[in-house]
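J.: Pasting coords.pdb here (PDB, C-alpha atoms and all ligand atoms):
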ATOM      1  CA  MET A   1     102.389  48.695  44.619
ATOM      2  CA  LYS A   2      98.681  49.182  45.157
ATOM      3  CA  ILE A   3      97.615  50.177  48.665
ATOM      4  CA  HIS A   4      94.113  49.284  49.745
ATOM      5  CA  LEU A   5      92.814  51.032  52.866
ATOM      6  CA  SER A   6      90.191  49.113  54.803
ATOM      7  CA  GLN A   7      86.867  50.990  54.809
ATOM      8  CA  PHE A   8      86.508  50.311  58.550
ATOM      9  CA  ALA A   9      90.009  51.395  59.591
ATOM     10  CA  GLY A  10      90.431  53.674  62.564
ATOM     11  CA  PHE A  11      88.250  55.219  65.269
ATOM     12  CA  CYS A  12      84.960  53.436  65.787
ATOM     13  CA  ASP A  13      81.816  55.510  66.509
ATOM     14  CA  GLY A  14      82.220  55.083  70.270
ATOM     15  CA  VAL A  15      85.832  56.265  70.445
ATOM     16  CA  ARG A  16      85.171  59.087  67.929
ATOM     17  CA  ARG A  17      82.232  60.289  70.028
ATOM     18  CA  ALA A  18      84.320  60.191  73.224
ATOM     19  CA  TYR A  19      87.231  61.975  71.560
ATOM     20  CA  GLU A  20      84.911  64.705  70.264
ATOM     21  CA  ILE A  21      83.352  65.210  73.704
ATOM     22  CA  ILE A  22      86.812  65.596  75.239
ATOM     23  CA  SER A  23      88.391  67.688  72.498
ATOM     24  CA  THR A  24      85.497  70.163  72.486
ATOM     25  CA  LEU A  25      85.328  70.367  76.276
ATOM     26  CA  ASP A  26      85.539  73.937  77.567
ATOM     27  CA  ILE A  27      88.275  73.450  80.157
ATOM     28  CA  SER A  28      87.683  76.883  81.698
ATOM     29  CA  LYS A  29      84.196  75.810  82.808
ATOM     30  CA  ALA A  30      85.129  72.355  84.174
ATOM     31  CA  LYS A  31      85.787  71.747  87.861
ATOM     32  CA  LYS A  32      89.530  71.239  88.347
ATOM     33  CA  PRO A  33      91.728  69.272  88.479
ATOM     34  CA  ILE A  34      90.406  67.166  85.612
ATOM     35  CA  TYR A  35      91.352  63.525  85.290
ATOM     36  CA  ILE A  36      90.578  60.798  82.794
ATOM     37  CA  LEU A  37      90.139  57.262  84.054
ATOM     38  CA  GLY A  38      92.772  55.347  82.076
ATOM     39  CA  SER A  39      93.379  55.940  78.368
ATOM     40  CA  LEU A  40      90.622  57.039  75.998
ATOM     41  CA  ALA A  41      92.334  55.073  73.248
ATOM     42  CA  HIS A  42      95.422  52.906  73.197
ATOM     43  CA  ASN A  43      97.296  55.431  71.124
ATOM     44  CA  ALA A  44     100.208  57.621  72.236
ATOM     45  CA  ASP A  45      99.158  60.588  70.026
ATOM     46  CA  VAL A  46      95.632  60.642  71.427
ATOM     47  CA  VAL A  47      96.959  60.379  74.994
ATOM     48  CA  LYS A  48      99.326  63.319  74.316
ATOM     49  CA  LYS A  49      96.580  65.525  72.852
ATOM     50  CA  ILE A  50      94.413  64.915  75.925
ATOM     51  CA  GLU A  51      97.322  65.714  78.260
ATOM     52  CA  GLU A  52      97.999  68.938  76.350
ATOM     53  CA  LYS A  53      94.433  69.987  77.096
ATOM     54  CA  GLY A  54      95.245  69.846  80.794
ATOM     55  CA  ILE A  55      93.616  66.488  81.509
ATOM     56  CA  ALA A  56      95.755  64.006  83.443
ATOM     57  CA  LYS A  57      95.385  60.244  83.422
ATOM     58  CA  ILE A  58      94.486  58.475  86.643
ATOM     59  CA  SER A  59      94.284  54.747  87.372
ATOM     60  CA  LEU A  60      91.203  53.163  88.872
ATOM     61  CA  GLU A  61      93.118  52.371  92.084
ATOM     62  CA  ASP A  62      94.364  55.967  92.482
ATOM     63  CA  PHE A  63      90.891  57.315  91.782
ATOM     64  CA  LEU A  64      89.333  55.038  94.406
ATOM     65  CA  GLN A  65      91.980  56.043  96.962
ATOM     66  CA  SER A  66      91.797  59.788  96.244
ATOM     67  CA  LYS A  67      90.682  62.113  99.022
ATOM     68  CA  GLU A  68      87.850  64.608  98.850
ATOM     69  CA  GLY A  69      88.905  67.741  96.956
ATOM     70  CA  GLU A  70      91.812  66.081  95.141
ATOM     71  CA  ILE A  71      89.769  65.540  91.975
ATOM     72  CA  GLY A  72      87.397  68.100  90.449
ATOM     73  CA  THR A  73      86.185  66.240  87.354
ATOM     74  CA  ILE A  74      86.570  62.662  86.238
ATOM     75  CA  ILE A  75      86.138  61.550  82.636
ATOM     76  CA  VAL A  76      84.906  58.009  82.069
ATOM     77  CA  THR A  77      86.201  56.671  78.735
ATOM     78  CA  ALA A  78      84.258  54.908  75.958
ATOM     79  CA  HIS A  79      85.068  51.524  77.549
ATOM     80  CA  GLY A  80      82.922  52.500  80.539
ATOM     81  CA  SER A  81      83.460  51.712  84.196
ATOM     82  CA  GLY A  82      81.672  50.105  87.098
ATOM     83  CA  PRO A  83      78.888  51.776  89.160
ATOM     84  CA  GLU A  84      81.279  52.295  92.078
ATOM     85  CA  ILE A  85      82.979  55.121  90.148
ATOM     86  CA  PHE A  86      79.726  57.066  89.782
ATOM     87  CA  GLU A  87      78.784  56.394  93.407
ATOM     88  CA  MET A  88      82.151  57.541  94.704
ATOM     89  CA  ALA A  89      82.118  60.653  92.502
ATOM     90  CA  LYS A  90      78.705  61.580  93.909
ATOM     91  CA  GLU A  91      79.876  61.084  97.505
ATOM     92  CA  LYS A  92      82.987  63.237  97.027
ATOM     93  CA  GLY A  93      81.381  65.976  94.919
ATOM     94  CA  ILE A  94      83.378  65.032  91.800
ATOM     95  CA  GLU A  95      81.815  65.997  88.469
ATOM     96  CA  VAL A  96      81.576  63.178  85.941
ATOM     97  CA  ILE A  97      81.895  63.455  82.177
ATOM     98  CA  ASP A  98      80.679  60.091  80.992
ATOM     99  CA  THR A  99      81.763  59.184  77.450
ATOM    100  CA  THR A 100      80.849  55.492  77.755
ATOM    101  CA  CYS A 101      79.893  54.142  74.333
ATOM    102  CA  PRO A 102      76.105  53.528  74.184
ATOM    103  CA  LYS A 103      76.790  49.978  72.993
ATOM    104  CA  VAL A 104      78.904  49.272  76.057
ATOM    105  CA  ILE A 105      76.131  50.735  78.250
ATOM    106  CA  LYS A 106      73.766  48.168  76.707
ATOM    107  CA  VAL A 107      76.015  45.287  77.868
ATOM    108  CA  GLN A 108      76.365  46.854  81.325
ATOM    109  CA  ARG A 109      72.570  47.037  81.609
ATOM    110  CA  LEU A 110      72.176  43.417  80.530
ATOM    111  CA  ALA A 111      74.714  42.361  83.178
ATOM    112  CA  LYS A 112      72.816  44.377  85.803
ATOM    113  CA  VAL A 113      69.410  42.961  84.824
ATOM    114  CA  PHE A 114      70.504  39.321  84.600
ATOM    115  CA  SER A 115      72.481  39.541  87.811
ATOM    116  CA  ALA A 116      69.364  40.914  89.572
ATOM    117  CA  ARG A 117      67.470  37.880  88.215
ATOM    118  CA  ASN A 118      70.065  35.604  89.830
ATOM    119  CA  CYS A 119      71.346  34.283  86.525
ATOM    120  CA  SER A 120      74.919  33.073  86.241
ATOM    121  CA  ILE A 121      76.663  35.338  83.765
ATOM    122  CA  ILE A 122      79.470  34.045  81.605
ATOM    123  CA  LEU A 123      81.257  36.924  79.950
ATOM    124  CA  ILE A 124      83.378  36.096  76.915
ATOM    125  CA  GLY A 125      86.152  38.672  76.956
ATOM    126  CA  ASP A 126      89.666  39.544  78.033
ATOM    127  CA  LYS A 127      90.357  39.249  81.752
ATOM    128  CA  GLY A 128      91.607  42.540  83.150
ATOM    129  CA  HIS A 129      90.286  44.594  80.207
ATOM    130  CA  LYS A 130      88.638  47.822  81.350
ATOM    131  CA  GLU A 131      85.372  47.222  79.488
ATOM    132  CA  VAL A 132      85.120  43.656  80.816
ATOM    133  CA  GLU A 133      85.858  44.733  84.397
ATOM    134  CA  GLY A 134      83.227  47.469  84.141
ATOM    135  CA  ILE A 135      80.549  45.115  82.788
ATOM    136  CA  ASN A 136      81.412  42.606  85.500
ATOM    137  CA  SER A 137      81.046  45.311  88.102
ATOM    138  CA  TRP A 138      77.542  46.199  86.842
ATOM    139  CA  GLY A 139      76.718  42.495  87.251
ATOM    140  CA  LYS A 140      77.806  42.745  90.922
ATOM    141  CA  GLY A 141      81.207  41.198  90.149
ATOM    142  CA  LYS A 142      79.789  37.697  89.861
ATOM    143  CA  SER A 143      80.447  37.000  86.165
ATOM    144  CA  ARG A 144      82.772  34.237  85.132
ATOM    145  CA  ILE A 145      85.109  35.658  82.525
ATOM    146  CA  VAL A 146      86.185  33.359  79.718
ATOM    147  CA  SER A 147      89.139  34.477  77.642
ATOM    148  CA  THR A 148      90.588  31.196  76.363
ATOM    149  CA  GLN A 149      89.709  27.630  75.429
ATOM    150  CA  LYS A 150      91.256  26.554  78.746
ATOM    151  CA  ASP A 151      88.915  28.887  80.668
ATOM    152  CA  LEU A 152      85.999  27.283  78.827
ATOM    153  CA  GLU A 153      87.105  23.769  79.710
ATOM    154  CA  ASN A 154      87.578  24.762  83.356
ATOM    155  CA  LEU A 155      84.004  26.063  83.742
ATOM    156  CA  ASP A 156      82.094  24.312  86.472
ATOM    157  CA  PHE A 157      78.339  24.193  85.894
ATOM    158  CA  SER A 158      77.405  22.277  89.049
ATOM    159  CA  ASN A 159      75.888  25.310  90.856
ATOM    160  CA  ASP A 160      74.181  26.920  87.862
ATOM    161  CA  LYS A 161      70.425  27.251  87.509
ATOM    162  CA  LYS A 162      70.179  29.793  84.700
ATOM    163  CA  ILE A 163      73.081  30.837  82.514
ATOM    164  CA  VAL A 164      73.399  33.892  80.276
ATOM    165  CA  VAL A 165      76.372  34.358  77.990
ATOM    166  CA  LEU A 166      77.407  37.916  77.077
ATOM    167  CA  SER A 167      80.394  39.193  75.139
ATOM    168  CA  GLN A 168      82.927  41.984  75.293
ATOM    169  CA  THR A 169      82.015  44.305  72.398
ATOM    170  CA  THR A 170      85.325  43.681  70.630
ATOM    171  CA  GLN A 171      85.304  39.916  71.087
ATOM    172  CA  SER A 172      86.196  37.651  68.163
ATOM    173  CA  GLU A 173      82.994  36.394  66.558
ATOM    174  CA  GLU A 174      84.575  32.990  65.976
ATOM    175  CA  PHE A 175      85.572  32.432  69.603
ATOM    176  CA  PHE A 176      82.241  33.741  70.886
ATOM    177  CA  GLU A 177      80.364  31.261  68.707
ATOM    178  CA  LYS A 178      82.663  28.435  69.740
ATOM    179  CA  ALA A 179      82.300  29.319  73.421
ATOM    180  CA  GLY A 180      78.505  29.652  73.108
ATOM    181  CA  ASN A 181      78.224  26.206  71.499
ATOM    182  CA  PHE A 182      80.502  24.658  74.101
ATOM    183  CA  ILE A 183      78.468  26.087  76.997
ATOM    184  CA  LYS A 184      75.124  25.208  75.396
ATOM    185  CA  ASN A 185      76.329  21.646  74.955
ATOM    186  CA  LYS A 186      77.025  21.372  78.687
ATOM    187  CA  PHE A 187      74.030  23.435  79.776
ATOM    188  CA  PRO A 188      71.287  23.349  77.088
ATOM    189  CA  ASP A 189      69.086  26.078  78.643
ATOM    190  CA  THR A 190      71.817  28.686  78.297
ATOM    191  CA  GLN A 191      70.713  32.035  76.883
ATOM    192  CA  ILE A 192      73.314  33.384  74.494
ATOM    193  CA  ILE A 193      73.291  37.109  73.729
ATOM    194  CA  SER A 194      75.936  38.347  71.360
ATOM    195  CA  THR A 195      76.867  41.863  72.382
ATOM    196  CA  ILE A 196      79.701  42.120  69.885
ATOM    197  CA  CYS A 197      79.618  45.564  68.291
ATOM    198  CA  TYR A 198      78.745  45.613  64.580
ATOM    199  CA  THR A 199      81.832  47.772  63.974
ATOM    200  CA  THR A 200      83.894  44.859  65.221
ATOM    201  CA  TYR A 201      81.959  42.390  63.025
ATOM    202  CA  ASP A 202      82.504  44.589  59.955
ATOM    203  CA  ARG A 203      86.148  45.179  60.675
ATOM    204  CA  GLN A 204      86.888  41.513  61.375
ATOM    205  CA  GLY A 205      84.748  40.275  58.466
ATOM    206  CA  GLU A 206      86.476  42.589  56.026
ATOM    207  CA  ILE A 207      90.009  41.676  57.127
ATOM    208  CA  SER A 208      89.142  38.009  57.054
ATOM    209  CA  LYS A 209      88.041  38.315  53.393
ATOM    210  CA  LEU A 210      90.769  40.656  52.178
ATOM    211  CA  ALA A 211      93.905  39.491  54.042
ATOM    212  CA  GLU A 212      94.670  36.588  51.713
ATOM    213  CA  LYS A 213      93.854  38.607  48.587
ATOM    214  CA  ASN A 214      96.740  40.969  49.367
ATOM    215  CA  ASP A 215     100.473  40.245  49.437
ATOM    216  CA  ILE A 216     101.044  42.056  52.696
ATOM    217  CA  VAL A 217      98.790  43.302  55.509
ATOM    218  CA  ILE A 218      99.631  46.180  57.838
ATOM    219  CA  VAL A 219      97.551  46.404  61.013
ATOM    220  CA  ILE A 220      97.906  49.707  62.881
ATOM    221  CA  GLY A 221      97.117  49.705  66.557
ATOM    222  CA  SER A 222      98.464  49.221  70.026
ATOM    223  CA  LYS A 223      99.284  45.804  71.458
ATOM    224  CA  GLU A 224      97.284  46.912  74.500
ATOM    225  CA  SER A 225      94.192  47.324  72.322
ATOM    226  CA  ALA A 226      91.975  44.223  72.348
ATOM    227  CA  ASN A 227      90.341  44.903  68.974
ATOM    228  CA  SER A 228      93.631  45.742  67.207
ATOM    229  CA  THR A 229      95.248  42.566  68.527
ATOM    230  CA  ARG A 230      92.233  40.578  67.352
ATOM    231  CA  LEU A 231      92.478  42.142  63.879
ATOM    232  CA  PHE A 232      96.147  41.223  63.725
ATOM    233  CA  GLU A 233      95.438  37.621  64.773
ATOM    234  CA  ILE A 234      92.692  37.206  62.156
ATOM    235  CA  ALA A 235      94.834  38.687  59.385
ATOM    236  CA  LYS A 236      97.941  36.708  60.381
ATOM    237  CA  GLU A 237      95.995  33.469  60.215
ATOM    238  CA  LYS A 238      94.963  34.250  56.620
ATOM    239  CA  ASN A 239      98.191  35.894  55.522
ATOM    240  CA  PRO A 240     101.534  35.174  57.248
ATOM    241  CA  LYS A 241     102.907  38.443  55.856
ATOM    242  CA  THR A 242     100.927  40.480  58.338
ATOM    243  CA  TYR A 243     102.666  43.103  60.475
ATOM    244  CA  PHE A 244     101.391  44.845  63.581
ATOM    245  CA  ILE A 245     102.637  48.427  64.025
ATOM    246  CA  GLU A 246     101.731  51.377  66.201
ATOM    247  CA  ASN A 247     102.916  54.129  63.845
ATOM    248  CA  SER A 248     104.770  54.834  60.595
ATOM    249  CA  SER A 249     108.232  54.767  62.212
ATOM    250  CA  GLN A 250     107.902  51.006  62.729
ATOM    251  CA  LEU A 251     107.507  50.184  59.019
ATOM    252  CA  GLU A 252     110.449  48.318  57.463
ATOM    253  CA  LYS A 253     111.365  48.727  53.814
ATOM    254  CA  GLU A 254     112.225  45.059  53.216
ATOM    255  CA  TRP A 255     108.681  43.953  54.112
ATOM    256  CA  PHE A 256     107.535  45.430  50.799
ATOM    257  CA  PHE A 257     110.138  43.901  48.427
ATOM    258  CA  GLY A 258     108.332  42.089  45.609
ATOM    259  CA  MET A 259     104.878  42.978  46.994
ATOM    260  CA  GLU A 260     102.203  44.202  44.601
ATOM    261  CA  LYS A 261      99.156  44.655  46.828
ATOM    262  CA  ALA A 262      99.120  45.922  50.395
ATOM    263  CA  LEU A 263      96.136  46.082  52.726
ATOM    264  CA  VAL A 264      96.164  48.643  55.518
ATOM    265  CA  THR A 265      93.744  48.441  58.396
ATOM    266  CA  ALA A 266      93.635  49.913  61.887
ATOM    267  CA  GLY A 267      92.025  49.194  65.227
ATOM    268  CA  ALA A 268      89.208  51.251  66.719
ATOM    269  CA  SER A 269      91.613  53.339  68.797
ATOM    270  CA  THR A 270      93.789  54.506  65.904
ATOM    271  CA  PRO A 271      93.159  58.121  64.831
ATOM    272  CA  SER A 272      92.915  59.031  61.138
ATOM    273  CA  TRP A 273      96.089  61.135  61.155
ATOM    274  CA  VAL A 274      98.182  58.088  62.196
ATOM    275  CA  ILE A 275      96.659  56.019  59.336
ATOM    276  CA  GLU A 276      97.426  58.810  56.847
ATOM    277  CA  GLU A 277     101.060  58.968  58.016
ATOM    278  CA  VAL A 278     101.434  55.194  57.615
ATOM    279  CA  ILE A 279     100.056  55.295  54.052
ATOM    280  CA  LYS A 280     102.355  58.170  53.121
ATOM    281  CA  GLU A 281     105.339  56.297  54.546
ATOM    282  CA  ILE A 282     104.477  53.087  52.641
ATOM    283  CA  GLU A 283     104.231  55.142  49.444
ATOM    284  CA  ARG A 284     107.597  56.718  50.197
ATOM    285  CA  LEU A 285     109.238  53.360  50.920
TER     286      LEU A 285
HETATM  287  S1  LIG B   1      84.039  49.069  69.329
HETATM  288 FE1  LIG B   1      81.823  49.415  69.226
HETATM  289  S2  LIG B   1      81.142  49.165  71.334
HETATM  290 FE2  LIG B   1      83.344  49.457  71.441
HETATM  291  S3  LIG B   1      83.584  51.667  71.729
HETATM  292 FE3  LIG B   1      83.656  51.269  69.519
HETATM  293  S4  LIG B   1      81.538  51.577  68.782
HETATM  294 FE4  LIG B   1      81.489  51.327  70.999
END
Written as structure tokens, that's how I'd like the structure from this file.
Ligand code: SF4

T.:
Amino acid sequence: MKIHLSQFAGFCDGVRRAYEIISTLDISKAKKPIYILGSLAHNADVVKKIEEKGIAKISLEDFLQSKEGEIGTIIVTAHGSGPEIFEMAKEKGIEVIDTTCPKVIKVQRLAKVFSARNCSIILIGDKGHKEVEGINSWGKGKSRIVSTQKDLENLDFSNDKKIVVLSQTTQSEEFFEKAGNFIKNKFPDTQIISTICYTTYDRQGEISKLAEKNDIVIVIGSKESANSTRLFEIAKEKNPKTYFIENSSQLEKEWFFGMEKALVTAGASTPSWVIEEVIKEIERL
């Protein structure tokens, strides 16, 4: 069986950059205790490596409720966070290591600018996702978040004067376009700014083209990861023999019976060593 590895599989630039900042951090010089706000990547191996470095995970709620002196350094992940985190850190003397991806910062700035201009912001993205919550926070928490067709249909435009549509960086291009057209139809003056990251475009475009040309597709990633889930959905639509796994132990031998060509891809939070293990295991099977 031939195994084709997607050229865009694995860590995107933003997650790689954040991981490098954290893995090369000189712990002895950082103010302790050191915490990371949520997970850097939705991957158990990455989470473990960070923990082994002496960096503990903290939720947004626990961080906001922490008392002065309880936290020495806080690491903001590539997904970014709202301005309240930076303000609170300053007030309590907490050092910040900000690994927010520059492309996410761009969306945060757009939300800030358009909110200051009293525009209504419609953010196409997953409700509750860290990046989306952070962007919304930079826009003073006034964005309407659209995740589904139903959300679109429920939008009320009666109080809108100016509308700007922005996207989560890992949003599906297809849904963003559909949502943009729907909104523009109801409110013709809408300004639509696609802030989908090119990495996501490339990854989704490639899987969309290659999924049906292969007998089986393996998508590696966490179900908590928005971009991995999106990759799986796109591939599954094109090829019903698509499987979503987190690591090599979840591969099943019978999936490969009679298969001649396999495509392997991975979400932006999947490290290279996990992809290598999956390929080795497919070869072994
Ligand atoms: S997917 Fe793109 S925007 Fe998101 S962290 Fe990666 S490089 Fe940055």

J.: List as a Markdown table every residue of chain A that is in contact with ligand LIG 1 (chain B), defined as an atom at most 7 Å from one of its atoms (using all atoms listed in the file), together with the nearest atom pair and the distance in Å rounded to one decimal, sorted by chain and then rising number.

T.:
| residue | atom | partner | partner_atom | distance |
| --- | --- | --- | --- | --- |
| A:Cys12 | CA | B:LIG1 | FE3 | 4.5 |
| A:Asp13 | CA | B:LIG1 | S4 | 4.6 |
| A:Gly14 | CA | B:LIG1 | S4 | 3.9 |
| A:Val15 | CA | B:LIG1 | S3 | 5.3 |
| A:Ala78 | CA | B:LIG1 | S3 | 5.4 |
| A:His79 | CA | B:LIG1 | S3 | 6.0 |
| A:Cys101 | CA | B:LIG1 | FE4 | 4.6 |
| A:Pro102 | CA | B:LIG1 | FE4 | 6.6 |
| A:Lys103 | CA | B:LIG1 | S2 | 4.7 |
| A:Val104 | CA | B:LIG1 | S2 | 5.2 |
| A:Thr169 | CA | B:LIG1 | S2 | 5.1 |
| A:Thr170 | CA | B:LIG1 | S1 | 5.7 |
| A:Cys197 | CA | B:LIG1 | FE1 | 4.5 |
| A:Tyr198 | CA | B:LIG1 | FE1 | 6.7 |
| A:Thr199 | CA | B:LIG1 | FE1 | 5.5 |
| A:Thr200 | CA | B:LIG1 | S1 | 5.9 |
| A:Ala268 | CA | B:LIG1 | S1 | 6.2 |

J.: Determine the nearest neighbour of Arg16 (chain A) from the options A:Gln168, A:Pro271, A:Lys130, A:Arg117, counting only C-alpha atoms.

T.: A:Pro271

J.: Counting all atoms listed in the file, I want the residues whose atoms come within 10 Å of (92.0, 39.5, 63.1) in the file frame, returned as number ranges by chain.

T.: A: 172, 200, 203-208, 211, 219, 227-238, 267

J.: Would you write out, as a list in words, every residue that the PyMOL selection byres (((chain A and resi 188) around 12) and not hetatm) captures in this file?

T.: Phe157, Asp160, Lys161, Lys162, Ile163, Val164, Gly180, Asn181, Phe182, Ile183, Lys184, Asn185, Lys186, Phe187, Asp189, Thr190, Gln191 and Ile192 of chain A

J.: Would you save the residues of that selection, restricted to C-alpha atoms, as a PDB file, in the coordinates of the input?

T.:
ATOM      1  CA  PHE A 157      78.339  24.193  85.894  1.00  0.00           C
ATOM      2  CA  ASP A 160      74.181  26.920  87.862  1.00  0.00           C
ATOM      3  CA  LYS A 161      70.425  27.251  87.509  1.00  0.00           C
ATOM      4  CA  LYS A 162      70.179  29.793  84.700  1.00  0.00           C
ATOM      5  CA  ILE A 163      73.081  30.837  82.514  1.00  0.00           C
ATOM      6  CA  VAL A 164      73.399  33.892  80.276  1.00  0.00           C
ATOM      7  CA  GLY A 180      78.505  29.652  73.108  1.00  0.00           C
ATOM      8  CA  ASN A 181      78.224  26.206  71.499  1.00  0.00           C
ATOM      9  CA  PHE A 182      80.502  24.658  74.101  1.00  0.00           C
ATOM     10  CA  ILE A 183      78.468  26.087  76.997  1.00  0.00           C
ATOM     11  CA  LYS A 184      75.124  25.208  75.396  1.00  0.00           C
ATOM     12  CA  ASN A 185      76.329  21.646  74.955  1.00  0.00           C
ATOM     13  CA  LYS A 186      77.025  21.372  78.687  1.00  0.00           C
ATOM     14  CA  PHE A 187      74.030  23.435  79.776  1.00  0.00           C
ATOM     15  CA  ASP A 189      69.086  26.078  78.643  1.00  0.00           C
ATOM     16  CA  THR A 190      71.817  28.686  78.297  1.00  0.00           C
ATOM     17  CA  GLN A 191      70.713  32.035  76.883  1.00  0.00           C
ATOM     18  CA  ILE A 192      73.314  33.384  74.494  1.00  0.00           C
TER      19      ILE A 192
END

J.: Ranking A:Ile36, A:Ala44, A:Ile21, A:Leu251 by minimum distance to Lys223 (chain A) and counting all atoms listed in the file, which one comes first?

T.: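 For Lys223 (chain A), the nearest of the given residues is A:Ala44.
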